[in-house]
file input_12.tsv (TSV, C-alpha atoms)
chain	number	residue	atom	x	y	z
A	1	MET	CA	-6.06	-2.66	-32.08
A	2	ILE	CA	-2.68	-4.27	-32.81
A	3	HIS	CA	-1.25	-2.35	-29.85
A	4	LEU	CA	-3.97	-3.81	-27.61
A	5	LEU	CA	-3.17	-7.36	-28.74
A	6	ALA	CA	0.46	-6.83	-27.73
A	7	TYR	CA	-0.49	-5.64	-24.24
A	8	ARG	CA	0.89	-7.74	-21.37
A	9	PRO	CA	-0.83	-7.11	-18.00
A	10	LEU	CA	1.50	-6.01	-15.13
A	11	ILE	CA	4.37	-5.57	-17.61
A	12	ASP	CA	3.19	-2.87	-20.01
A	13	PRO	CA	1.42	0.31	-18.82
A	14	LEU	CA	-2.24	0.97	-19.57
A	15	ASP	CA	-3.04	3.82	-21.93
A	16	LEU	CA	-5.10	5.85	-19.44
A	17	HIS	CA	-3.48	9.26	-19.86
A	18	HIS	CA	-6.78	10.96	-20.73
A	19	VAL	CA	-8.64	9.52	-17.69
A	20	TRP	CA	-5.80	9.51	-15.14
A	21	PHE	CA	-7.91	11.36	-12.55
A	22	LEU	CA	-10.41	8.47	-12.42
A	23	LEU	CA	-7.62	6.24	-11.11
A	24	LEU	CA	-7.77	8.19	-7.85
A	25	LEU	CA	-11.17	6.59	-7.06
A	26	PRO	CA	-9.93	2.97	-6.70
A	27	LEU	CA	-6.86	4.40	-4.94
A	28	ALA	CA	-9.06	6.05	-2.30
A	29	LEU	CA	-11.15	2.89	-1.88
A	30	LEU	CA	-8.19	0.51	-1.53
A	31	VAL	CA	-6.38	2.84	0.89
A	32	SER	CA	-9.56	3.03	2.99
A	33	ILE	CA	-9.96	-0.77	3.00
A	34	ALA	CA	-6.39	-1.37	4.20
A	35	TYR	CA	-6.43	1.48	6.73
A	36	LYS	CA	-9.83	0.73	8.24
A	37	ALA	CA	-8.96	-2.98	8.51
A	38	VAL	CA	-6.35	-1.91	11.06
A	39	ARG	CA	-8.16	1.00	12.69
A	40	VAL	CA	-11.79	-0.05	13.08
A	41	ASP	CA	-12.63	-1.32	16.55
A	42	ASP	CA	-15.35	-3.74	15.52
A	43	MET	CA	-15.38	-5.39	12.06
A	44	LYS	CA	-19.19	-5.10	12.01
A	45	HIS	CA	-18.66	-1.41	11.19
A	46	PHE	CA	-15.91	-2.04	8.64
A	47	TRP	CA	-17.72	-1.37	5.35
A	48	PRO	CA	-19.65	1.76	6.48
A	49	ALA	CA	-16.41	3.19	7.90
A	50	THR	CA	-14.51	2.32	4.71
A	51	LEU	CA	-17.09	3.89	2.41
A	52	TRP	CA	-17.26	7.01	4.61
A	53	MET	CA	-13.48	7.40	4.53
A	54	THR	CA	-13.44	6.86	0.73
A	55	ALA	CA	-16.03	9.62	0.32
A	56	GLN	CA	-14.03	11.93	2.61
A	57	VAL	CA	-10.80	11.32	0.65
A	58	ILE	CA	-12.50	11.96	-2.72
A	59	VAL	CA	-14.26	15.13	-1.51
A	60	GLY	CA	-10.98	16.29	0.08
A	61	MET	CA	-9.04	15.77	-3.16
A	62	VAL	CA	-11.66	17.61	-5.22
A	63	ALA	CA	-11.65	20.47	-2.69
A	64	LEU	CA	-7.84	20.64	-2.74
A	65	GLY	CA	-7.87	20.64	-6.55
A	66	PHE	CA	-10.39	23.47	-6.61
A	67	ALA	CA	-8.42	25.44	-4.00
A	68	PHE	CA	-5.20	25.12	-6.02
A	69	TYR	CA	-7.09	26.13	-9.17
A	70	VAL	CA	-8.33	29.29	-7.44
A	71	VAL	CA	-4.85	30.14	-6.13
A	72	ILE	CA	-3.01	29.53	-9.42
A	73	GLU	CA	-5.57	30.90	-11.89
A	74	TRP	CA	-7.05	33.80	-9.90
A	75	LEU	CA	-4.95	34.81	-6.89
A	76	VAL	CA	-1.41	34.52	-8.28
A	77	PRO	CA	-2.18	36.76	-11.32
A	78	ILE	CA	-3.53	39.38	-8.88
A	79	ILE	CA	-0.61	39.13	-6.42
A	80	ALA	CA	2.15	38.86	-9.04
A	81	PRO	CA	0.87	39.99	-12.44
A	82	THR	CA	2.89	39.01	-15.49
A	83	PRO	CA	4.96	42.02	-16.67
A	84	MET	CA	3.90	43.34	-20.11
B	1	MET	CA	6.71	1.53	52.39
B	2	THR	CA	6.57	-0.65	49.33
B	3	PRO	CA	5.35	0.89	46.05
B	4	PRO	CA	1.97	-0.34	44.81
B	5	ALA	CA	2.16	-3.25	42.40
B	6	ASP	CA	1.65	-2.39	38.73
B	7	THR	CA	-1.67	-4.00	37.83
B	8	SER	CA	-1.91	-2.65	34.24
B	9	ASP	CA	-1.57	-5.13	31.37
B	10	PRO	CA	1.83	-5.09	29.70
B	11	THR	CA	1.87	-3.94	26.08
B	12	PRO	CA	1.41	-7.07	23.94
B	13	PHE	CA	4.33	-7.85	21.68
B	14	ASP	CA	4.12	-10.40	18.86
B	15	PRO	CA	7.37	-10.51	16.83
B	16	ILE	CA	6.32	-13.57	14.80
B	17	ALA	CA	3.19	-11.79	13.58
B	18	GLY	CA	5.30	-8.69	12.83
B	19	VAL	CA	7.75	-10.65	10.68
B	20	LEU	CA	4.91	-12.44	8.88
B	21	ALA	CA	3.22	-9.09	8.17
B	22	LEU	CA	6.41	-7.94	6.46
B	23	ILE	CA	6.70	-11.15	4.45
B	24	LEU	CA	3.10	-11.13	3.17
B	25	PRO	CA	0.53	-8.37	3.86
B	26	GLY	CA	-2.20	-9.79	6.12
B	27	ALA	CA	-0.23	-12.88	7.23
B	28	GLY	CA	0.53	-11.31	10.63
B	29	HIS	CA	-3.14	-10.86	11.42
B	30	LEU	CA	-3.91	-14.29	9.98
B	31	ILE	CA	-1.66	-15.98	12.54
B	32	GLN	CA	-3.38	-13.94	15.26
B	33	ARG	CA	-6.67	-15.52	14.04
B	34	LYS	CA	-8.10	-12.19	12.91
B	35	TYR	CA	-9.27	-13.69	9.64
B	36	LYS	CA	-11.55	-10.88	8.47
B	37	ARG	CA	-8.94	-8.21	9.17
B	38	ALA	CA	-6.26	-10.28	7.43
B	39	ALA	CA	-8.44	-10.68	4.33
B	40	CYS	CA	-9.23	-6.95	4.19
B	41	ILE	CA	-5.56	-6.01	4.69
B	42	ALA	CA	-4.46	-8.38	1.91
B	43	LEU	CA	-7.19	-7.05	-0.38
B	44	GLY	CA	-6.23	-3.42	0.26
B	45	ILE	CA	-2.44	-3.67	0.13
B	46	LEU	CA	-2.04	-6.31	-2.59
B	47	GLY	CA	-4.81	-4.58	-4.56
B	48	LEU	CA	-2.88	-1.32	-4.39
B	49	TYR	CA	0.44	-2.96	-5.27
B	50	PHE	CA	-0.79	-5.02	-8.22
B	51	GLY	CA	-3.11	-2.17	-9.25
B	52	GLY	CA	-0.03	0.06	-9.51
B	53	LEU	CA	1.74	-2.55	-11.62
B	54	LEU	CA	-1.34	-2.94	-13.82
B	55	ILE	CA	-1.61	0.81	-14.40
B	56	GLY	CA	2.04	1.78	-14.75
B	57	GLY	CA	3.61	-1.51	-15.82
B	58	ILE	CA	6.61	-3.18	-14.24
B	59	SER	CA	8.73	-0.05	-14.79
B	60	VAL	CA	7.18	1.59	-11.69
B	61	VAL	CA	9.30	-0.73	-9.50
B	62	ASP	CA	12.91	-0.01	-10.41
B	63	ARG	CA	15.61	0.05	-7.75
B	64	GLN	CA	18.29	0.96	-10.30
B	65	SER	CA	16.33	3.54	-12.25
B	66	PRO	CA	18.20	6.51	-13.75
B	67	ARG	CA	15.43	8.69	-12.24
B	68	SER	CA	16.19	9.44	-8.60
B	69	GLU	CA	12.50	9.72	-7.62
B	70	THR	CA	11.83	6.16	-8.84
B	71	ARG	CA	14.90	4.90	-6.94
B	72	ILE	CA	13.76	6.65	-3.75
B	73	SER	CA	10.23	5.29	-4.23
B	74	PHE	CA	11.62	1.77	-3.95
B	75	ILE	CA	12.35	2.39	-0.25
B	76	ALA	CA	8.59	2.63	0.39
B	77	GLN	CA	7.71	-0.09	-2.14
B	78	ALA	CA	10.10	-2.48	-0.36
B	79	LEU	CA	7.85	-2.36	2.71
B	80	VAL	CA	5.32	-4.51	0.81
B	81	GLY	CA	7.83	-7.33	1.33
B	82	PRO	CA	9.55	-9.94	-0.85
B	83	ILE	CA	6.96	-9.33	-3.59
B	84	ALA	CA	8.53	-5.92	-4.27
B	85	PHE	CA	12.06	-7.37	-4.37
B	86	ALA	CA	10.89	-10.15	-6.70
B	87	THR	CA	9.22	-7.59	-8.99
B	88	ASN	CA	12.42	-5.52	-9.06
B	89	ALA	CA	14.54	-8.61	-9.78
B	90	ILE	CA	12.25	-9.63	-12.67
B	91	HIS	CA	12.35	-6.06	-13.99
B	92	GLN	CA	16.15	-5.86	-13.83
B	93	SER	CA	16.79	-9.30	-15.32
B	94	GLN	CA	14.05	-9.57	-17.94
B	95	PHE	CA	12.69	-6.17	-18.94
B	96	LYS	CA	15.28	-3.46	-18.32
B	97	THR	CA	15.36	-0.96	-21.16
B	98	THR	CA	18.29	1.13	-19.94
B	99	VAL	CA	21.76	0.18	-18.80
B	100	ASN	CA	23.53	2.17	-16.06
B	101	ARG	CA	27.16	3.04	-16.69
B	102	THR	CA	30.02	4.37	-14.60
B	103	ASP	CA	33.32	5.94	-15.55
B	104	ASP	CA	36.78	4.64	-14.50
B	105	ARG	CA	36.42	6.24	-11.06
B	106	GLY	CA	33.00	4.69	-10.46
B	107	ARG	CA	31.06	7.91	-11.00
B	108	PRO	CA	27.64	7.47	-12.68
B	109	LEU	CA	27.29	8.31	-16.37
B	110	PRO	CA	24.00	8.90	-18.22
B	111	PRO	CA	22.28	5.56	-18.89
B	112	VAL	CA	22.12	4.14	-22.40
B	113	ILE	CA	19.29	2.26	-24.08
B	114	ALA	CA	19.74	-1.50	-23.77
B	115	PRO	CA	20.09	-3.57	-26.94
B	116	PRO	CA	16.75	-4.87	-28.23
B	117	GLY	CA	15.67	-8.22	-26.85
B	118	LYS	CA	12.59	-10.40	-26.96
B	119	ASN	CA	11.32	-9.15	-23.56
B	120	ARG	CA	11.46	-5.41	-24.15
B	121	MET	CA	8.58	-3.53	-22.53
B	122	ASP	CA	6.93	-0.16	-23.03
B	123	LEU	CA	8.13	2.34	-20.41
B	124	SER	CA	5.30	4.14	-18.64
B	125	LEU	CA	5.53	7.89	-18.77
B	126	GLY	CA	3.75	10.95	-17.42
B	127	LYS	CA	0.65	10.67	-15.26
B	128	VAL	CA	0.23	6.91	-15.73
B	129	ASN	CA	3.74	6.32	-14.38
B	130	GLU	CA	3.18	8.73	-11.49
B	131	ILE	CA	-0.13	7.09	-10.51
B	132	GLY	CA	1.42	3.61	-10.76
B	133	VAL	CA	4.31	4.65	-8.52
B	134	LEU	CA	1.84	6.32	-6.11
B	135	TYR	CA	-0.23	3.11	-5.80
B	136	THR	CA	2.81	0.95	-5.03
B	137	VAL	CA	4.38	3.48	-2.63
B	138	ILE	CA	1.14	3.85	-0.64
B	139	ALA	CA	0.85	0.03	-0.52
B	140	GLY	CA	4.28	-0.12	1.13
B	141	MET	CA	3.53	2.66	3.62
B	142	LEU	CA	0.21	1.06	4.60
B	143	ASN	CA	1.96	-2.28	5.12
B	144	PHE	CA	4.25	-0.54	7.62
B	145	ILE	CA	1.15	0.48	9.63
B	146	VAL	CA	-0.11	-3.12	9.37
B	147	PHE	CA	3.31	-4.39	10.53
B	148	LEU	CA	3.15	-2.15	13.62
B	149	ASP	CA	-0.40	-3.31	14.38
B	150	ALA	CA	0.63	-6.98	14.08
B	151	LEU	CA	3.79	-6.42	16.17
B	152	LEU	CA	2.00	-4.50	18.94
B	153	PRO	CA	-1.60	-5.78	18.68
B	154	THR	CA	-4.34	-3.49	19.98
B	155	HIS	CA	-6.93	-5.00	22.30
B	156	ARG	CA	-10.17	-4.42	20.44
B	157	ARG	CA	-13.85	-4.85	21.29
B	158	GLU	CA	-14.10	-8.07	19.25
B	159	ASP	CA	-11.23	-9.53	21.31
B	160	GLU	CA	-13.16	-8.70	24.51
B	161	GLU	CA	-16.20	-10.47	23.05
B	162	LYS	CA	-14.04	-13.50	22.30
B	163	ASP	CA	-12.69	-13.45	25.87
B	164	ALA	CA	-16.23	-13.19	27.27
B	165	GLU	CA	-17.47	-16.18	25.26
B	166	PRO	CA	-18.09	-19.22	27.50
B	167	VAL	CA	-15.56	-21.99	27.05
B	168	ARG	CA	-17.21	-25.00	25.46
B	169	THR	CA	-16.45	-28.06	27.54
B	170	THR	CA	-17.87	-31.52	27.96
B	171	GLY	CA	-20.40	-32.16	30.72
B	172	ALA	CA	-17.94	-34.30	32.66
B	173	LEU	CA	-15.35	-31.53	32.76
B	174	ASP	CA	-18.01	-29.01	33.89
B	175	ALA	CA	-18.93	-31.29	36.74
B	176	VAL	CA	-15.31	-31.60	37.85
B	177	LEU	CA	-14.83	-27.84	37.66
B	178	LYS	CA	-18.01	-27.16	39.68
B	179	LYS	CA	-16.97	-29.70	42.30
B	180	GLY	CA	-13.55	-28.11	42.60
B	181	ALA	CA	-15.06	-24.64	42.97
B	182	SER	CA	-17.48	-25.73	45.73

call {"tool": "encode", "arguments": {"input": "input_12.tsv", "output": "structure tokens"}}
result
Amino acid sequence: MIHLLAYRPLIDPLDLHHVWFLLLLPLALLVSIAYKAVRVDDMKHFWPATLWMTAQVIVGMVALGFAFYVVIEWLVPIIAPTPM
Amino acid sequence: MTPPADTSDPTPFDPIAGVLALILPGAGHLIQRKYKRAACIALGILGLYFGGLLIGGISVVDRQSPRSETRISFIAQALVGPIAFATNAIHQSQFKTTVNRTDDRGRPLPPVIAPPGKNRMDLSLGKVNEIGVLYTVIAGMLNFIVFLDALLPTHRREDEEKDAEPVRTTGALDAVLKKGAS
């Protein structure tokens, strides 16, 4: 509690080590907002395009994470087993 | 035989908007009267930049960091504009926790912890630091895309709609124009 009282926004870091992966959600949304603001042809379609891109980024990151998990945990031990 | 005249539109070039986009994200599009785009660009890029500072603290922007990856990250962060340089200046002057040293020949030595002062901050470490740096670096790289779009504006559908809109004039002017045309 005392640590929280001493917190200064933008100066001190937030203690979010245990939920760091959730910070990728606002990252995907803000990147999509800035990118689609430049890319979209008609601003009427801005928010649907932004939300679609956000969903694509999140699904892509989860898929990449799962793929790396499979490679590191399953494939690498088969290809290069640890010597006994 | 003379070559056919080039009837294609020249590529638009707007250096003032380009410079403004580098000074403040969204300002380049604002001067081009693309208000909605400017607001969304400012929301996205400034949201990323200040979001990164909020998560990782001011230590994510450090041009003179002992860590080479943080120093290199400043190249991308600088593309956000003067805000990044101001953040770095505040960090160096008010909150620096380490002091860089060099030997007699100017070669770098390991940094030492700065003497305690009233403005000492907590250094961000691990994932929180990495995510904070990532936010600010992506903000800078996106602002480079925005800078290019402001410098070399694309002709979009909404611009065509604006061009197609009838010019609002007074009745007297319409009459003069009609008379001139007939």

call {"tool": "closest_residue", "arguments": {"input": "input_12.tsv", "among": "A:Phe21, A:Ile72, A:Asp41, A:Val62", "to": "chain B", "atoms": "all atoms listed in the file"}}
result
A:Asp41

call {"tool": "interface_residues", "arguments": {"input": "input_12.tsv", "of": "chain A", "to": "chain B", "cutoff": "10 Å", "atoms": "all atoms listed in the file", "output": "number ranges by chain"}}
result
A: 7-21, 23-24, 26-44, 46

call {"tool": "atom_distance", "arguments": {"input": "input_12.tsv", "atom1": "CA of Ile78 in chain A", "atom2": "CA of Ala63 in chain A"}}
result
21.5 Å

call {"tool": "atom_distance", "arguments": {"input": "input_12.tsv", "atom1": "CA of Leu79 in chain B", "atom2": "CA of Ser93 in chain B"}}
result
21.3 Å

call {"tool": "atom_distance", "arguments": {"input": "input_12.tsv", "atom1": "CA of Ile23 in chain B", "atom2": "CA of Pro82 in chain B"}}
result
6.1 Å

call {"tool": "axis_aligned_box", "arguments": {"input": "input_12.tsv", "around": "range 26-41 of chain B", "padding_each_side": "3 Å", "output": "AutoDock Vina command-line options"}}
result
--center_x -5.5 --center_y -11.0 --center_z 9.7 --size_x 18.1 --size_y 16.0 --size_z 17.1

call {"tool": "residues_around", "arguments": {"input": "input_12.tsv", "residues": "Phe85 in chain B", "least_positions_apart": "2", "cutoff": "12 Å", "atoms": "all atoms listed in the file", "output": "ChimeraX atom specification"}}
result
/B:23,61-64,74-83,87-92,140

call {"tool": "write_last_selection", "arguments": {"input": "input_12.tsv", "atoms": "C-alpha atoms", "output": "tab-separated table (two decimals), in the coordinates of the input"}}
result
chain	number	residue	atom	x	y	z
B	23	ILE	CA	6.70	-11.15	4.45
B	61	VAL	CA	9.30	-0.73	-9.50
B	62	ASP	CA	12.91	-0.01	-10.41
B	63	ARG	CA	15.61	0.05	-7.75
B	64	GLN	CA	18.29	0.96	-10.30
B	74	PHE	CA	11.62	1.77	-3.95
B	75	ILE	CA	12.35	2.39	-0.25
B	76	ALA	CA	8.59	2.63	0.39
B	77	GLN	CA	7.71	-0.09	-2.14
B	78	ALA	CA	10.10	-2.48	-0.36
B	79	LEU	CA	7.85	-2.36	2.71
B	80	VAL	CA	5.32	-4.51	0.81
B	81	GLY	CA	7.83	-7.33	1.33
B	82	PRO	CA	9.55	-9.94	-0.85
B	83	ILE	CA	6.96	-9.33	-3.59
B	87	THR	CA	9.22	-7.59	-8.99
B	88	ASN	CA	12.42	-5.52	-9.06
B	89	ALA	CA	14.54	-8.61	-9.78
B	90	ILE	CA	12.25	-9.63	-12.67
B	91	HIS	CA	12.35	-6.06	-13.99
B	92	GLN	CA	16.15	-5.86	-13.83
B	140	GLY	CA	4.28	-0.12	1.13

call {"tool": "decode", "arguments": {"input": "input_12.tsv", "residues": "range 22-41 of chain A", "atoms": "N, CA, C and O atoms", "output": "mmCIF file, in the first residue's frame"}}
result
data_model
loop_
_atom_site.group_PDB
_atom_site.id
_atom_site.type_symbol
_atom_site.label_atom_id
_atom_site.label_comp_id
_atom_site.auth_asym_id
_atom_site.auth_seq_id
_atom_site.Cartn_x
_atom_site.Cartn_y
_atom_site.Cartn_z
ATOM 1 N N LEU A 22 -1.203 -9.293 -20.977
ATOM 2 C CA LEU A 22 -2.430 -8.524 -21.228
ATOM 3 C C LEU A 22 -2.122 -7.141 -21.825
ATOM 4 O O LEU A 22 -2.984 -6.528 -22.446
ATOM 5 N N LEU A 23 -0.900 -6.672 -21.635
ATOM 6 C CA LEU A 23 -0.526 -5.376 -22.184
ATOM 7 C C LEU A 23 -0.418 -5.416 -23.709
ATOM 8 O O LEU A 23 -0.353 -4.378 -24.358
ATOM 9 N N LEU A 24 -0.403 -6.606 -24.277
ATOM 10 C CA LEU A 24 -0.352 -6.715 -25.741
ATOM 11 C C LEU A 24 -1.701 -6.376 -26.373
ATOM 12 O O LEU A 24 -1.769 -6.046 -27.551
ATOM 13 N N LEU A 25 -2.800 -6.432 -25.592
ATOM 14 C CA LEU A 25 -4.126 -6.109 -26.142
ATOM 15 C C LEU A 25 -4.262 -4.614 -26.461
ATOM 16 O O LEU A 25 -4.601 -4.267 -27.592
ATOM 17 N N PRO A 26 -3.991 -3.703 -25.491
ATOM 18 C CA PRO A 26 -4.030 -2.279 -25.874
ATOM 19 C C PRO A 26 -2.978 -1.930 -26.925
ATOM 20 O O PRO A 26 -3.205 -1.039 -27.755
ATOM 21 N N LEU A 27 -1.850 -2.637 -26.919
ATOM 22 C CA LEU A 27 -0.825 -2.398 -27.937
ATOM 23 C C LEU A 27 -1.398 -2.671 -29.333
ATOM 24 O O LEU A 27 -1.275 -1.841 -30.239
ATOM 25 N N ALA A 28 -2.073 -3.818 -29.481
ATOM 26 C CA ALA A 28 -2.653 -4.176 -30.779
ATOM 27 C C ALA A 28 -3.721 -3.163 -31.188
ATOM 28 O O ALA A 28 -3.784 -2.759 -32.362
ATOM 29 N N LEU A 29 -4.536 -2.726 -30.242
ATOM 30 C CA LEU A 29 -5.606 -1.775 -30.563
ATOM 31 C C LEU A 29 -5.032 -0.423 -30.993
ATOM 32 O O LEU A 29 -5.448 0.139 -32.018
ATOM 33 N N LEU A 30 -4.063 0.087 -30.245
ATOM 34 C CA LEU A 30 -3.506 1.411 -30.561
ATOM 35 C C LEU A 30 -2.718 1.389 -31.867
ATOM 36 O O LEU A 30 -2.774 2.340 -32.646
ATOM 37 N N VAL A 31 -2.008 0.297 -32.125
ATOM 38 C CA VAL A 31 -1.289 0.169 -33.406
ATOM 39 C C VAL A 31 -2.301 0.170 -34.555
ATOM 40 O O VAL A 31 -2.114 0.850 -35.568
ATOM 41 N N SER A 32 -3.410 -0.550 -34.369
ATOM 42 C CA SER A 32 -4.426 -0.623 -35.424
ATOM 43 C C SER A 32 -5.065 0.740 -35.659
ATOM 44 O O SER A 32 -5.314 1.117 -36.809
ATOM 45 N N ILE A 33 -5.322 1.484 -34.581
ATOM 46 C CA ILE A 33 -5.924 2.819 -34.731
ATOM 47 C C ILE A 33 -5.016 3.725 -35.565
ATOM 48 O O ILE A 33 -5.457 4.344 -36.537
ATOM 49 N N ALA A 34 -3.727 3.776 -35.184
ATOM 50 C CA ALA A 34 -2.797 4.665 -35.897
ATOM 51 C C ALA A 34 -2.592 4.197 -37.338
ATOM 52 O O ALA A 34 -2.552 5.020 -38.264
ATOM 53 N N TYR A 35 -2.481 2.895 -37.553
ATOM 54 C CA TYR A 35 -2.193 2.391 -38.902
ATOM 55 C C TYR A 35 -3.399 2.565 -39.821
ATOM 56 O O TYR A 35 -3.270 3.022 -40.961
ATOM 57 N N LYS A 36 -4.583 2.217 -39.315
ATOM 58 C CA LYS A 36 -5.777 2.317 -40.164
ATOM 59 C C LYS A 36 -6.164 3.769 -40.424
ATOM 60 O O LYS A 36 -6.802 4.065 -41.422
ATOM 61 N N ALA A 37 -5.784 4.692 -39.519
ATOM 62 C CA ALA A 37 -6.050 6.109 -39.774
ATOM 63 C C ALA A 37 -5.325 6.588 -41.027
ATOM 64 O O ALA A 37 -5.767 7.518 -41.696
ATOM 65 N N VAL A 38 -4.213 5.949 -41.346
ATOM 66 C CA VAL A 38 -3.456 6.310 -42.548
ATOM 67 C C VAL A 38 -3.924 5.485 -43.746
ATOM 68 O O VAL A 38 -4.020 5.989 -44.858
ATOM 69 N N ARG A 39 -4.236 4.222 -43.515
ATOM 70 C CA ARG A 39 -4.452 3.300 -44.625
ATOM 71 C C ARG A 39 -5.879 3.250 -45.167
ATOM 72 O O ARG A 39 -6.088 2.982 -46.344
ATOM 73 N N VAL A 40 -6.873 3.464 -44.280
ATOM 74 C CA VAL A 40 -8.250 3.254 -44.727
ATOM 75 C C VAL A 40 -8.639 4.331 -45.752
ATOM 76 O O VAL A 40 -8.261 5.496 -45.631
ATOM 77 N N ASP A 41 -9.357 3.876 -46.784
ATOM 78 C CA ASP A 41 -9.697 4.765 -47.887
ATOM 79 C C ASP A 41 -10.813 5.739 -47.494
ATOM 80 O O ASP A 41 -10.798 6.903 -47.873
#
